[in-house]
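Q: Structure supplied as work32.tsv; contents: TSV, C-alpha atoms.
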```
chain	number	residue	atom	x	y	z
A	14	MET	CA	111.25	28.45	25.85
A	15	LYS	CA	110.26	32.07	25.38
A	16	ILE	CA	107.97	33.34	22.65
A	17	ARG	CA	109.95	34.85	19.79
A	18	ASP	CA	107.37	35.60	17.14
A	19	ILE	CA	103.70	35.35	16.11
A	20	GLU	CA	102.56	35.25	12.48
A	21	LEU	CA	99.08	35.15	10.97
A	22	PHE	CA	97.82	33.59	7.72
A	23	LYS	CA	94.36	34.33	6.33
A	24	VAL	CA	93.62	31.28	4.18
A	25	PRO	CA	90.61	30.08	2.16
A	26	PRO	CA	87.85	29.29	2.65
A	27	ARG	CA	87.32	31.55	5.70
A	28	TRP	CA	90.02	30.71	8.22
A	29	LEU	CA	92.85	32.46	10.08
A	30	PHE	CA	95.88	30.45	11.18
A	31	LEU	CA	98.40	31.56	13.81
A	32	LYS	CA	102.01	30.39	13.97
A	33	MET	CA	103.89	30.94	17.23
A	34	THR	CA	107.65	30.34	17.32
A	35	THR	CA	109.77	30.08	20.46
A	36	GLU	CA	113.38	31.12	20.86
A	37	SER	CA	114.28	27.42	21.01
A	38	GLY	CA	112.67	26.87	17.61
A	39	ILE	CA	109.52	24.97	18.68
A	40	VAL	CA	106.51	26.00	16.62
A	41	GLY	CA	102.89	25.96	17.75
A	42	TRP	CA	99.77	26.55	15.69
A	43	GLY	CA	96.39	28.01	16.61
A	44	GLU	CA	93.21	29.08	14.84
A	45	PRO	CA	91.93	32.48	16.03
A	46	ILE	CA	88.90	33.31	13.91
A	47	VAL	CA	85.44	34.80	13.95
A	48	GLU	CA	83.86	33.69	10.70
A	49	GLY	CA	83.47	36.83	8.58
A	50	LYS	CA	85.66	38.92	10.91
A	51	ALA	CA	89.13	37.54	10.15
A	52	ASP	CA	90.74	40.97	9.78
A	53	SER	CA	89.26	42.19	13.07
A	54	VAL	CA	90.60	39.16	14.94
A	55	ALA	CA	93.99	39.49	13.22
A	56	ALA	CA	94.25	43.09	14.43
A	57	CYS	CA	93.38	41.98	17.96
A	58	VAL	CA	96.04	39.25	17.90
A	59	MET	CA	98.64	41.84	16.87
A	60	GLU	CA	97.55	44.08	19.76
A	61	LEU	CA	97.99	41.18	22.19
A	62	ARG	CA	101.30	40.18	20.59
A	63	ASP	CA	103.24	42.85	22.48
A	64	GLN	CA	102.11	41.30	25.79
A	65	LEU	CA	103.44	37.90	24.72
A	66	ILE	CA	106.79	38.32	22.97
A	67	GLY	CA	109.63	37.35	25.30
A	68	LYS	CA	107.34	35.61	27.79
A	69	PRO	CA	107.67	31.89	28.73
A	70	ALA	CA	105.43	29.89	26.38
A	71	GLY	CA	104.84	27.24	29.06
A	72	ASN	CA	103.06	29.63	31.43
A	73	ILE	CA	99.71	29.16	29.70
A	74	GLU	CA	97.43	30.07	32.61
A	75	GLU	CA	99.45	33.16	33.50
A	76	LEU	CA	99.49	34.39	29.91
A	77	TRP	CA	95.74	33.75	29.52
A	78	GLN	CA	95.00	35.65	32.73
A	79	THR	CA	97.23	38.50	31.56
A	80	MET	CA	95.39	38.79	28.24
A	81	TYR	CA	92.02	38.58	29.97
A	82	ARG	CA	92.44	40.55	33.19
A	83	CYS	CA	95.17	43.06	32.43
A	84	ASN	CA	93.17	44.77	29.69
A	85	PHE	CA	90.27	46.94	30.86
A	86	TYR	CA	87.82	45.63	28.23
A	87	ARG	CA	87.35	41.89	28.10
A	88	GLY	CA	85.25	39.20	26.49
A	89	GLY	CA	83.24	39.24	23.28
A	90	PRO	CA	83.80	37.35	20.04
A	91	VAL	CA	86.81	39.22	18.64
A	92	LEU	CA	88.99	39.48	21.74
A	93	THR	CA	88.18	36.01	23.05
A	94	SER	CA	88.73	34.40	19.64
A	95	ALA	CA	92.13	36.10	19.40
A	96	MET	CA	92.99	34.72	22.84
A	97	SER	CA	91.71	31.28	21.84
A	98	GLY	CA	94.05	30.92	18.87
A	99	ILE	CA	97.00	32.13	20.94
A	100	GLU	CA	96.16	29.66	23.71
A	101	GLN	CA	95.88	26.74	21.26
A	102	ALA	CA	99.36	27.51	19.96
A	103	LEU	CA	100.74	27.62	23.50
A	104	TRP	CA	99.36	24.14	24.22
A	105	ASP	CA	100.75	22.88	20.91
A	106	ILE	CA	104.18	24.13	21.91
A	107	LYS	CA	103.98	22.67	25.41
A	108	GLY	CA	102.88	19.27	24.17
A	109	LYS	CA	105.66	19.18	21.58
A	110	ALA	CA	108.25	20.27	24.15
A	111	MET	CA	107.18	17.44	26.47
A	112	GLY	CA	106.61	14.92	23.69
A	113	VAL	CA	102.97	14.15	24.56
A	114	PRO	CA	99.51	14.96	23.20
A	115	VAL	CA	97.78	17.90	24.89
A	116	TYR	CA	95.15	15.64	26.49
A	117	GLU	CA	97.94	13.96	28.49
A	118	LEU	CA	98.66	17.35	30.08
A	119	LEU	CA	94.98	17.76	31.03
A	120	GLY	CA	94.57	14.57	33.03
A	121	GLY	CA	94.96	11.91	30.37
A	122	ALA	CA	92.51	10.13	28.09
A	123	VAL	CA	89.09	8.96	29.26
A	124	ARG	CA	88.16	7.22	25.98
A	125	ASP	CA	89.75	5.22	23.18
A	126	LYS	CA	87.72	6.69	20.31
A	127	LEU	CA	85.51	9.71	19.66
A	128	GLN	CA	82.17	9.81	17.85
A	129	ILE	CA	81.99	12.42	15.09
A	130	TYR	CA	79.25	13.59	12.77
A	131	ALA	CA	78.98	15.05	9.28
A	132	TRP	CA	76.94	17.92	7.89
A	133	ILE	CA	74.28	17.62	5.23
A	134	MET	CA	72.62	20.58	3.53
A	135	GLY	CA	68.96	21.01	4.42
A	136	GLU	CA	68.03	24.55	3.40
A	137	GLY	CA	66.09	25.11	0.20
A	138	GLU	CA	65.19	22.30	-2.16
A	139	THR	CA	67.70	19.50	-1.63
A	140	ASP	CA	67.82	15.71	-1.73
A	141	MET	CA	68.62	14.97	1.89
A	142	VAL	CA	68.14	11.21	1.56
A	143	SER	CA	70.94	11.01	-1.02
A	144	GLN	CA	73.19	13.12	1.19
A	145	VAL	CA	72.59	10.90	4.20
A	146	ARG	CA	73.25	7.79	2.13
A	147	GLU	CA	76.54	9.28	0.96
A	148	ARG	CA	77.57	10.05	4.54
A	149	ILE	CA	76.68	6.52	5.67
A	150	ASN	CA	78.83	5.16	2.84
A	151	GLN	CA	81.68	7.36	4.10
A	152	GLY	CA	81.39	5.68	7.50
A	153	TYR	CA	79.33	8.20	9.45
A	154	ARG	CA	76.46	7.17	11.71
A	155	THR	CA	75.34	10.66	12.74
A	156	VAL	CA	74.44	13.71	10.65
A	157	LYS	CA	73.43	17.28	11.43
A	158	THR	CA	71.49	19.68	9.23
A	159	CYS	CA	69.61	22.96	9.07
A	160	ILE	CA	66.06	22.56	7.78
A	161	THR	CA	64.63	26.08	8.04
A	162	ASP	CA	64.79	28.84	5.47
A	163	GLU	CA	63.82	32.46	6.16
A	164	LEU	CA	61.40	32.69	9.10
A	165	GLY	CA	59.68	35.70	10.59
A	166	TRP	CA	58.74	36.11	14.27
A	167	VAL	CA	55.39	34.50	13.42
A	168	ASP	CA	55.30	32.78	10.05
A	169	SER	CA	53.33	30.37	7.91
A	170	VAL	CA	52.63	26.88	9.22
A	171	ARG	CA	53.51	25.69	5.71
A	172	LYS	CA	57.16	26.47	6.45
A	173	ILE	CA	57.02	24.46	9.68
A	174	GLY	CA	55.48	21.47	7.91
A	175	LYS	CA	57.97	21.65	5.06
A	176	ALA	CA	60.91	21.76	7.47
A	177	ALA	CA	59.70	18.83	9.57
A	178	ASP	CA	58.93	16.75	6.47
A	179	LYS	CA	62.63	16.84	5.56
A	180	ILE	CA	63.47	14.87	8.69
A	181	GLY	CA	60.51	12.60	8.02
A	182	GLN	CA	62.05	11.67	4.67
A	183	ILE	CA	65.27	10.64	6.41
A	184	ARG	CA	63.39	8.51	8.94
A	185	ASP	CA	61.33	6.89	6.16
A	186	ALA	CA	64.50	5.98	4.28
A	187	PHE	CA	66.78	4.90	7.13
A	188	GLY	CA	64.66	4.43	10.21
A	189	TYR	CA	66.80	4.81	13.31
A	190	ASP	CA	69.99	3.43	11.75
A	191	VAL	CA	71.29	7.00	11.62
A	192	ASP	CA	71.15	9.64	14.35
A	193	VAL	CA	70.04	13.09	13.27
A	194	ALA	CA	70.62	16.47	14.92
A	195	VAL	CA	68.93	19.64	13.70
A	196	ASP	CA	70.52	23.09	13.90
A	197	PHE	CA	67.97	25.94	14.15
A	198	HIS	CA	70.98	28.29	13.71
A	199	GLY	CA	69.44	30.86	16.04
A	200	ARG	CA	67.21	31.97	13.18
A	201	VAL	CA	63.90	30.78	14.71
A	202	HIS	CA	61.93	32.96	17.13
A	203	MET	CA	60.04	31.65	20.14
A	204	PRO	CA	56.54	31.25	18.64
A	205	MET	CA	57.86	29.26	15.68
A	206	ALA	CA	60.45	27.38	17.75
A	207	ARG	CA	57.70	25.92	19.92
A	208	MET	CA	55.79	24.77	16.85
A	209	LEU	CA	58.83	23.33	15.12
A	210	LEU	CA	59.98	21.44	18.21
A	211	ARG	CA	56.52	19.94	18.57
A	212	GLU	CA	56.52	18.78	14.95
A	213	LEU	CA	60.00	17.30	15.24
A	214	GLU	CA	59.33	15.44	18.49
A	215	GLN	CA	58.03	12.38	16.62
A	216	TYR	CA	61.38	11.87	14.86
A	217	LYS	CA	63.43	11.40	18.06
A	218	LEU	CA	66.34	13.67	17.21
A	219	LEU	CA	69.74	13.38	18.84
A	220	TYR	CA	69.40	17.06	19.78
A	221	VAL	CA	68.31	20.45	18.46
A	222	GLU	CA	70.93	23.19	18.30
A	223	GLU	CA	70.45	26.91	18.88
A	224	PRO	CA	66.63	26.91	18.75
A	225	LEU	CA	66.95	30.54	19.89
A	226	GLN	CA	69.65	33.16	19.99
A	227	PRO	CA	72.04	32.40	22.88
A	228	GLU	CA	71.09	35.47	24.93
A	229	GLN	CA	67.50	34.19	25.27
A	230	ILE	CA	68.23	32.06	28.34
A	231	GLU	CA	64.71	32.43	29.73
A	232	GLY	CA	63.39	31.28	26.35
A	233	PHE	CA	65.53	28.13	26.48
A	234	VAL	CA	64.11	27.36	29.92
A	235	GLU	CA	60.57	27.64	28.52
A	236	LEU	CA	61.36	25.51	25.45
A	237	ARG	CA	62.52	22.64	27.64
A	238	HIS	CA	58.93	22.38	28.87
A	239	HIS	CA	57.72	21.88	25.28
A	240	THR	CA	59.95	18.98	24.21
A	241	SER	CA	61.77	15.91	25.43
A	242	THR	CA	64.42	16.41	22.71
A	243	PRO	CA	67.80	17.46	24.17
A	244	ILE	CA	68.57	21.14	23.51
A	245	ALA	CA	72.07	22.44	22.74
A	246	THR	CA	73.71	25.86	22.45
A	247	GLY	CA	76.98	27.65	23.14
A	248	GLU	CA	78.87	28.36	19.92
A	249	ARG	CA	78.33	32.12	20.36
A	250	MET	CA	79.23	32.27	24.04
A	251	TYR	CA	82.61	33.18	25.49
A	252	THR	CA	84.55	32.13	28.61
A	253	ARG	CA	83.21	30.35	31.69
A	254	TRP	CA	81.61	33.61	32.85
A	255	GLY	CA	79.58	33.78	29.64
A	256	PHE	CA	78.39	30.20	30.20
A	257	LYS	CA	77.76	30.53	33.95
A	258	ASN	CA	74.10	31.61	33.88
A	259	LEU	CA	73.27	29.19	31.07
A	260	ILE	CA	74.65	26.32	33.12
A	261	THR	CA	73.11	27.23	36.47
A	262	SER	CA	69.70	28.00	34.95
A	263	GLY	CA	69.31	24.46	33.63
A	264	ALA	CA	68.25	25.95	30.30
A	265	VAL	CA	69.87	23.36	28.05
A	266	ASP	CA	71.10	19.78	28.02
A	267	ILE	CA	74.23	20.14	25.88
A	268	LEU	CA	76.87	22.88	25.75
A	269	GLN	CA	78.74	23.61	22.52
A	270	PRO	CA	81.73	25.80	23.31
A	271	ASP	CA	83.79	26.65	20.24
A	272	LEU	CA	87.47	26.30	21.12
A	273	SER	CA	88.37	29.08	18.67
A	274	HIS	CA	85.87	31.46	20.29
A	275	ALA	CA	85.26	30.50	23.93
A	276	GLY	CA	88.81	31.04	25.21
A	277	GLY	CA	90.76	28.03	23.99
A	278	ILE	CA	91.36	24.49	25.20
A	279	TRP	CA	91.85	24.98	28.92
A	280	GLU	CA	89.02	27.49	29.25
A	281	SER	CA	86.67	25.10	27.45
A	282	ARG	CA	87.78	22.28	29.76
A	283	LYS	CA	86.78	24.48	32.70
A	284	ILE	CA	83.40	25.11	31.07
A	285	ALA	CA	82.97	21.35	30.59
A	286	ALA	CA	83.76	20.72	34.26
A	287	MET	CA	81.13	23.26	35.31
A	288	ALA	CA	78.63	21.58	32.99
A	289	GLU	CA	79.42	18.15	34.42
A	290	CYS	CA	78.22	19.37	37.81
A	291	TYR	CA	74.80	19.97	36.24
A	292	ASP	CA	74.76	16.70	34.27
A	293	MET	CA	75.16	18.44	30.91
A	294	GLY	CA	76.88	16.98	27.88
A	295	ILE	CA	79.55	18.67	25.76
A	296	ALA	CA	79.57	18.71	21.95
A	297	PRO	CA	82.25	21.20	20.86
A	298	HIS	CA	81.33	23.44	17.95
A	299	CYS	CA	83.77	23.27	15.03
A	300	PRO	CA	82.83	24.18	11.44
A	301	LEU	CA	86.40	25.43	11.05
A	302	GLY	CA	89.84	24.21	9.97
A	303	PRO	CA	92.25	21.46	11.00
A	304	ILE	CA	93.86	23.34	13.88
A	305	ALA	CA	90.55	24.14	15.53
A	306	LEU	CA	89.43	20.54	15.05
A	307	SER	CA	92.64	19.16	16.52
A	308	ALA	CA	92.19	21.41	19.57
A	309	CYS	CA	88.64	20.07	20.01
A	310	VAL	CA	89.83	16.48	19.72
A	311	GLN	CA	92.42	17.01	22.45
A	312	LEU	CA	89.67	18.36	24.72
A	313	ASP	CA	87.26	15.55	23.86
A	314	PHE	CA	89.67	12.77	24.76
A	315	CYS	CA	90.20	14.04	28.31
A	316	THR	CA	86.62	15.19	29.01
A	317	PRO	CA	84.12	12.59	30.25
A	318	ASN	CA	80.95	14.50	29.33
A	319	ALA	CA	82.10	15.22	25.74
A	320	PHE	CA	80.07	12.79	23.65
A	321	ILE	CA	80.34	13.85	19.99
A	322	GLN	CA	82.45	16.13	17.80
A	323	GLU	CA	81.51	18.35	14.87
A	324	GLN	CA	83.91	18.58	11.93
A	325	SER	CA	83.71	20.45	8.64
A	326	MET	CA	85.29	18.11	6.09
A	327	ASN	CA	83.28	18.65	2.88
A	328	ILE	CA	80.82	20.95	4.60
A	329	HIS	CA	78.72	22.63	1.93
A	330	TYR	CA	79.75	26.25	2.60
A	331	ASN	CA	83.50	25.67	2.99
A	332	GLY	CA	84.58	23.96	-0.21
A	333	VAL	CA	87.94	23.10	1.41
A	334	GLY	CA	88.48	19.98	3.48
A	335	ASP	CA	89.82	20.01	7.01
A	336	PHE	CA	92.86	18.04	5.90
A	337	ASP	CA	93.95	20.15	2.91
A	338	TYR	CA	96.50	22.17	4.92
A	339	LEU	CA	98.08	19.16	6.62
A	340	LYS	CA	101.31	17.57	5.45
A	341	ASP	CA	100.04	14.02	5.37
A	342	GLY	CA	96.43	14.10	6.51
A	343	THR	CA	96.99	11.31	9.02
A	344	GLY	CA	96.50	13.43	12.12
A	345	PHE	CA	92.89	12.21	12.09
A	346	VAL	CA	92.06	8.53	11.64
A	347	MET	CA	88.35	7.76	11.26
A	348	GLN	CA	86.80	4.31	11.50
A	349	ASP	CA	83.08	3.43	11.66
A	350	GLY	CA	82.02	6.95	12.58
A	351	TYR	CA	84.71	7.42	15.23
A	352	LEU	CA	88.03	9.23	15.38
A	353	GLN	CA	90.79	7.12	16.86
A	354	ARG	CA	92.77	8.55	19.75
A	355	PRO	CA	95.69	10.68	18.48
A	356	GLU	CA	99.15	9.87	19.75
A	357	ARG	CA	101.25	12.63	18.22
A	358	PRO	CA	102.61	15.37	20.53
A	359	GLY	CA	100.97	18.74	20.91
A	360	LEU	CA	97.77	19.20	18.94
A	361	GLY	CA	98.68	16.15	16.90
A	362	VAL	CA	98.71	17.62	13.38
A	363	GLU	CA	101.55	18.74	11.14
A	364	ILE	CA	100.74	21.87	9.17
A	365	ASP	CA	102.02	22.21	5.60
A	366	GLU	CA	103.47	25.68	6.05
A	367	GLU	CA	104.44	26.06	2.40
A	368	LYS	CA	100.83	25.43	1.36
A	369	VAL	CA	99.55	27.78	4.07
A	370	ARG	CA	101.83	30.60	2.95
A	371	ALA	CA	100.77	30.13	-0.67
A	372	ALA	CA	97.09	30.14	0.32
A	373	ALA	CA	97.56	33.26	2.42
A	374	ARG	CA	98.72	35.13	-0.68
A	375	VAL	CA	95.25	34.42	-2.08
A	376	GLY	CA	93.42	35.09	1.19
A	377	HIS	CA	89.65	35.42	1.42
A	378	HIS	CA	86.88	37.92	2.05
A	379	TRP	CA	84.25	35.53	3.37
A	380	SER	CA	81.09	36.85	4.97
A	381	ASN	CA	77.91	35.04	5.88
A	382	PRO	CA	74.75	35.40	3.77
A	383	ARG	CA	72.46	38.27	4.66
A	384	TRP	CA	68.86	37.17	4.64
A	385	ARG	CA	65.66	39.19	4.32
A	386	LEU	CA	62.00	38.29	4.48
A	387	GLU	CA	59.78	38.71	1.44
A	388	ASP	CA	58.73	42.14	2.76
A	389	GLY	CA	62.37	43.27	3.02
A	390	THR	CA	62.87	42.87	6.79
A	391	PRO	CA	66.47	41.86	7.71
A	392	ILE	CA	66.52	38.57	9.62
A	393	ASP	CA	68.94	36.11	11.19
A	394	TRP	CA	70.86	33.75	8.92
```
Before anything else, please render the file you have as structure tokens.
A:
Amino acid sequence: MKIRDIELFKVPPRWLFLKMTTESGIVGWGEPIVEGKADSVAACVMELRDQLIGKPAGNIEELWQTMYRCNFYRGGPVLTSAMSGIEQALWDIKGKAMGVPVYELLGGAVRDKLQIYAWIMGEGETDMVSQVRERINQGYRTVKTCITDELGWVDSVRKIGKAADKIGQIRDAFGYDVDVAVDFHGRVHMPMARMLLRELEQYKLLYVEEPLQPEQIEGFVELRHHTSTPIATGERMYTRWGFKNLITSGAVDILQPDLSHAGGIWESRKIAAMAECYDMGIAPHCPLGPIALSACVQLDFCTPNAFIQEQSMNIHYNGVGDFDYLKDGTGFVMQDGYLQRPERPGLGVEIDEEKVRAAARVGHHWSNPRWRLEDGTPIDW
């Protein structure tokens, strides 16, 4: 079962799919992507390709270690995302070859169903109550949103009040029948983060995500003294070594490794095991496509401290649903805000390759918005 070929498909809205084919004809799929850097990751995959062709696809750990250790420069978003998509495809192949879901190869399932949440748009002027009602009608019981617009290092208290009032509107309309998480998106600096956390405390959020940029570990430690709300981060961190200091410092309550960035399925399972030793939860980051989501789901079902899963179906900045590139869309079965345990082999989804190839001929040139303050200063989006 040696690797024969690797192909890449850059498909709308902002994704990169990887197809790996073995000499025996088994096909595995992965999603190596840094949002806005698809071409950079594709080039990295092609550089790694020469180290993989002709090698046994089942030797996942050995191939991962080769990609990581046998190249002088390691880590970072581009290289680790390239490795992540390759690793996902390897697990897909192994599961299909053995006729079992990937989670069965990682110790077996620890749960029967998996809680998921949906995004609602909170930036700018928007009717959040209507969005939440729509999500509840779709079967969700948890939502996540961004509520801050452009913020300077120290900014007007009006912006803090306006942001917090958005969550207040949700609580006034639905009480505690819906759980709400708020993503600060790393765009809030320490002075304003303290103020915003204080204002949000009254609304009893499920958690706040990326209140600071991920490298500000000492800032996360300080913020924990200013709120009882659980704090989450991790989507822009890579490999267990990148997470090590965050975990041992006790800076956060929830880790959010992205399985298309952090090193893949097995590496993220190792990160989750480290986090379990420090009583931290896992909520994998995934505003991406169906392959990335299916990889997350496989991890979630065999990981005891994974408690909720992000997914990007109908997310406001994608415009394409997670299921649009699947043959039948039944790889994911949702009921009452939960995904049911998948039983198909490998990653559990069947990619519509004809649709993928057609979409790749269109491609994309997605990049994230570039924000500036009123005075012209570039700031975090």
Q: Pick out the closest residue to Arg357 of chain A from this set: A:Arg154, A:Lys109, A:Arg385, A:Arg249. Count only C-alpha atoms.
A: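 Nearest candidate to Arg357 of chain A out of A:Arg154, A:Lys109, A:Arg385, A:Arg249: A:Lys109.
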Q: With only C-alpha atoms as the basis for distance, which of A:Ser273, A:Ser325, A:Thr252, A:Ser53 is at the shortest distance from Gln78 of chain A?
A: A:Thr252
Q: As a PDB file with C-alpha atoms, in the frame of the given file, please: the residues near segment 320-324 of chain A (cut-off 10 Å, all atoms listed in the file, same-chain neighbours under 2 positions excluded).
A:
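Contents of around18.pdb, as written:
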```
ATOM      1  CA  LEU A 127      85.510   9.710  19.660  1.00  0.00           C
ATOM      2  CA  GLN A 128      82.170   9.810  17.850  1.00  0.00           C
ATOM      3  CA  ILE A 129      81.990  12.420  15.090  1.00  0.00           C
ATOM      4  CA  TYR A 130      79.250  13.590  12.770  1.00  0.00           C
ATOM      5  CA  ALA A 131      78.980  15.050   9.280  1.00  0.00           C
ATOM      6  CA  TRP A 132      76.940  17.920   7.890  1.00  0.00           C
ATOM      7  CA  THR A 155      75.340  10.660  12.740  1.00  0.00           C
ATOM      8  CA  VAL A 156      74.440  13.710  10.650  1.00  0.00           C
ATOM      9  CA  LYS A 157      73.430  17.280  11.430  1.00  0.00           C
ATOM     10  CA  ILE A 267      74.230  20.140  25.880  1.00  0.00           C
ATOM     11  CA  GLN A 269      78.740  23.610  22.520  1.00  0.00           C
ATOM     12  CA  GLY A 294      76.880  16.980  27.880  1.00  0.00           C
ATOM     13  CA  ILE A 295      79.550  18.670  25.760  1.00  0.00           C
ATOM     14  CA  ALA A 296      79.570  18.710  21.950  1.00  0.00           C
ATOM     15  CA  PRO A 297      82.250  21.200  20.860  1.00  0.00           C
ATOM     16  CA  HIS A 298      81.330  23.440  17.950  1.00  0.00           C
ATOM     17  CA  CYS A 299      83.770  23.270  15.030  1.00  0.00           C
ATOM     18  CA  PRO A 300      82.830  24.180  11.440  1.00  0.00           C
ATOM     19  CA  LEU A 301      86.400  25.430  11.050  1.00  0.00           C
ATOM     20  CA  GLY A 302      89.840  24.210   9.970  1.00  0.00           C
ATOM     21  CA  PRO A 303      92.250  21.460  11.000  1.00  0.00           C
ATOM     22  CA  ALA A 305      90.550  24.140  15.530  1.00  0.00           C
ATOM     23  CA  LEU A 306      89.430  20.540  15.050  1.00  0.00           C
ATOM     24  CA  SER A 307      92.640  19.160  16.520  1.00  0.00           C
ATOM     25  CA  CYS A 309      88.640  20.070  20.010  1.00  0.00           C
ATOM     26  CA  VAL A 310      89.830  16.480  19.720  1.00  0.00           C
ATOM     27  CA  ASP A 313      87.260  15.550  23.860  1.00  0.00           C
ATOM     28  CA  PHE A 314      89.670  12.770  24.760  1.00  0.00           C
ATOM     29  CA  THR A 316      86.620  15.190  29.010  1.00  0.00           C
ATOM     30  CA  PRO A 317      84.120  12.590  30.250  1.00  0.00           C
ATOM     31  CA  ASN A 318      80.950  14.500  29.330  1.00  0.00           C
ATOM     32  CA  MET A 326      85.290  18.110   6.090  1.00  0.00           C
ATOM     33  CA  ASN A 327      83.280  18.650   2.880  1.00  0.00           C
ATOM     34  CA  ILE A 328      80.820  20.950   4.600  1.00  0.00           C
ATOM     35  CA  GLY A 334      88.480  19.980   3.480  1.00  0.00           C
ATOM     36  CA  ASP A 335      89.820  20.010   7.010  1.00  0.00           C
ATOM     37  CA  TYR A 351      84.710   7.420  15.230  1.00  0.00           C
ATOM     38  CA  LEU A 352      88.030   9.230  15.380  1.00  0.00           C
TER      39      LEU A 352
END
```
Q: For His239 of chain A, which of A:Lys175, A:Arg200, A:Arg211, A:Lys217 is the closest residue, counting all atoms listed in the file?
A: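 Checking each of A:Lys175, A:Arg200, A:Arg211, A:Lys217 against His239 of chain A, counting all atoms listed in the file, the winner is A:Arg211.
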Q: Quick one: everything within 10 Å of segment 136-151 of chain A, counting all atoms listed in the file, minus sequence neighbours fewer than 6 positions away in the same chain. Send it as a list in words.
A: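 Once the adjacent positions are removed, what remains is Tyr130, Lys157, Thr158, Cys159, Ile160, Thr161, Asp162, Glu163, Ala176, Lys179, Ile180, Gln182, Ile183, Arg184, Asp185, Ala186, Phe187, Asp190, Val191, Val193, Met347, Gln348, Asp349 and Gly350 of chain A.
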Q: Would you output that residue set with C-alpha atoms, as a PDB file, keeping the file's coordinate frame?
A:
```
ATOM      1  CA  TYR A 130      79.250  13.590  12.770  1.00  0.00           C
ATOM      2  CA  LYS A 157      73.430  17.280  11.430  1.00  0.00           C
ATOM      3  CA  THR A 158      71.490  19.680   9.230  1.00  0.00           C
ATOM      4  CA  CYS A 159      69.610  22.960   9.070  1.00  0.00           C
ATOM      5  CA  ILE A 160      66.060  22.560   7.780  1.00  0.00           C
ATOM      6  CA  THR A 161      64.630  26.080   8.040  1.00  0.00           C
ATOM      7  CA  ASP A 162      64.790  28.840   5.470  1.00  0.00           C
ATOM      8  CA  GLU A 163      63.820  32.460   6.160  1.00  0.00           C
ATOM      9  CA  ALA A 176      60.910  21.760   7.470  1.00  0.00           C
ATOM     10  CA  LYS A 179      62.630  16.840   5.560  1.00  0.00           C
ATOM     11  CA  ILE A 180      63.470  14.870   8.690  1.00  0.00           C
ATOM     12  CA  GLN A 182      62.050  11.670   4.670  1.00  0.00           C
ATOM     13  CA  ILE A 183      65.270  10.640   6.410  1.00  0.00           C
ATOM     14  CA  ARG A 184      63.390   8.510   8.940  1.00  0.00           C
ATOM     15  CA  ASP A 185      61.330   6.890   6.160  1.00  0.00           C
ATOM     16  CA  ALA A 186      64.500   5.980   4.280  1.00  0.00           C
ATOM     17  CA  PHE A 187      66.780   4.900   7.130  1.00  0.00           C
ATOM     18  CA  ASP A 190      69.990   3.430  11.750  1.00  0.00           C
ATOM     19  CA  VAL A 191      71.290   7.000  11.620  1.00  0.00           C
ATOM     20  CA  VAL A 193      70.040  13.090  13.270  1.00  0.00           C
ATOM     21  CA  MET A 347      88.350   7.760  11.260  1.00  0.00           C
ATOM     22  CA  GLN A 348      86.800   4.310  11.500  1.00  0.00           C
ATOM     23  CA  ASP A 349      83.080   3.430  11.660  1.00  0.00           C
ATOM     24  CA  GLY A 350      82.020   6.950  12.580  1.00  0.00           C
TER      25      GLY A 350
END
```
Q: Please provide as a PDB file with C-alpha atoms, in the coordinates of the input all residues within 9 Å of segment 16-21 of chain A, with the sequence filter that same-chain residues fewer than 2 positions apart are discarded (counting all atoms listed in the file).
A:
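Saved to out_8.pdb:
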```
ATOM      1  CA  MET A  14     111.250  28.450  25.850  1.00  0.00           C
ATOM      2  CA  LYS A  23      94.360  34.330   6.330  1.00  0.00           C
ATOM      3  CA  LEU A  29      92.850  32.460  10.080  1.00  0.00           C
ATOM      4  CA  PHE A  30      95.880  30.450  11.180  1.00  0.00           C
ATOM      5  CA  LEU A  31      98.400  31.560  13.810  1.00  0.00           C
ATOM      6  CA  LYS A  32     102.010  30.390  13.970  1.00  0.00           C
ATOM      7  CA  MET A  33     103.890  30.940  17.230  1.00  0.00           C
ATOM      8  CA  THR A  34     107.650  30.340  17.320  1.00  0.00           C
ATOM      9  CA  THR A  35     109.770  30.080  20.460  1.00  0.00           C
ATOM     10  CA  GLU A  36     113.380  31.120  20.860  1.00  0.00           C
ATOM     11  CA  SER A  37     114.280  27.420  21.010  1.00  0.00           C
ATOM     12  CA  GLY A  38     112.670  26.870  17.610  1.00  0.00           C
ATOM     13  CA  ALA A  55      93.990  39.490  13.220  1.00  0.00           C
ATOM     14  CA  VAL A  58      96.040  39.250  17.900  1.00  0.00           C
ATOM     15  CA  MET A  59      98.640  41.840  16.870  1.00  0.00           C
ATOM     16  CA  ARG A  62     101.300  40.180  20.590  1.00  0.00           C
ATOM     17  CA  LEU A  65     103.440  37.900  24.720  1.00  0.00           C
ATOM     18  CA  ILE A  66     106.790  38.320  22.970  1.00  0.00           C
ATOM     19  CA  GLY A  67     109.630  37.350  25.300  1.00  0.00           C
ATOM     20  CA  LYS A  68     107.340  35.610  27.790  1.00  0.00           C
ATOM     21  CA  PRO A  69     107.670  31.890  28.730  1.00  0.00           C
ATOM     22  CA  ALA A  70     105.430  29.890  26.380  1.00  0.00           C
ATOM     23  CA  ILE A  99      97.000  32.130  20.940  1.00  0.00           C
ATOM     24  CA  ALA A 373      97.560  33.260   2.420  1.00  0.00           C
TER      25      ALA A 373
END
```
Q: Please compute the atom CA of Leu339 of chain A-atom CA of Ala51 of chain A distance, one decimal, in Å.
A: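 Straight-line distance from atom CA of Leu339 of chain A to atom CA of Ala51 of chain A works out to 20.7 Å.
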Q: Which residue is closest to Met80 of chain A? Choose from A:Cys57, A:Leu164, A:Ala102, A:Ala285 and count all atoms listed in the file.
A: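 Between A:Cys57, A:Leu164, A:Ala102, A:Ala285, the residue approaching Met80 of chain A most closely is A:Cys57.
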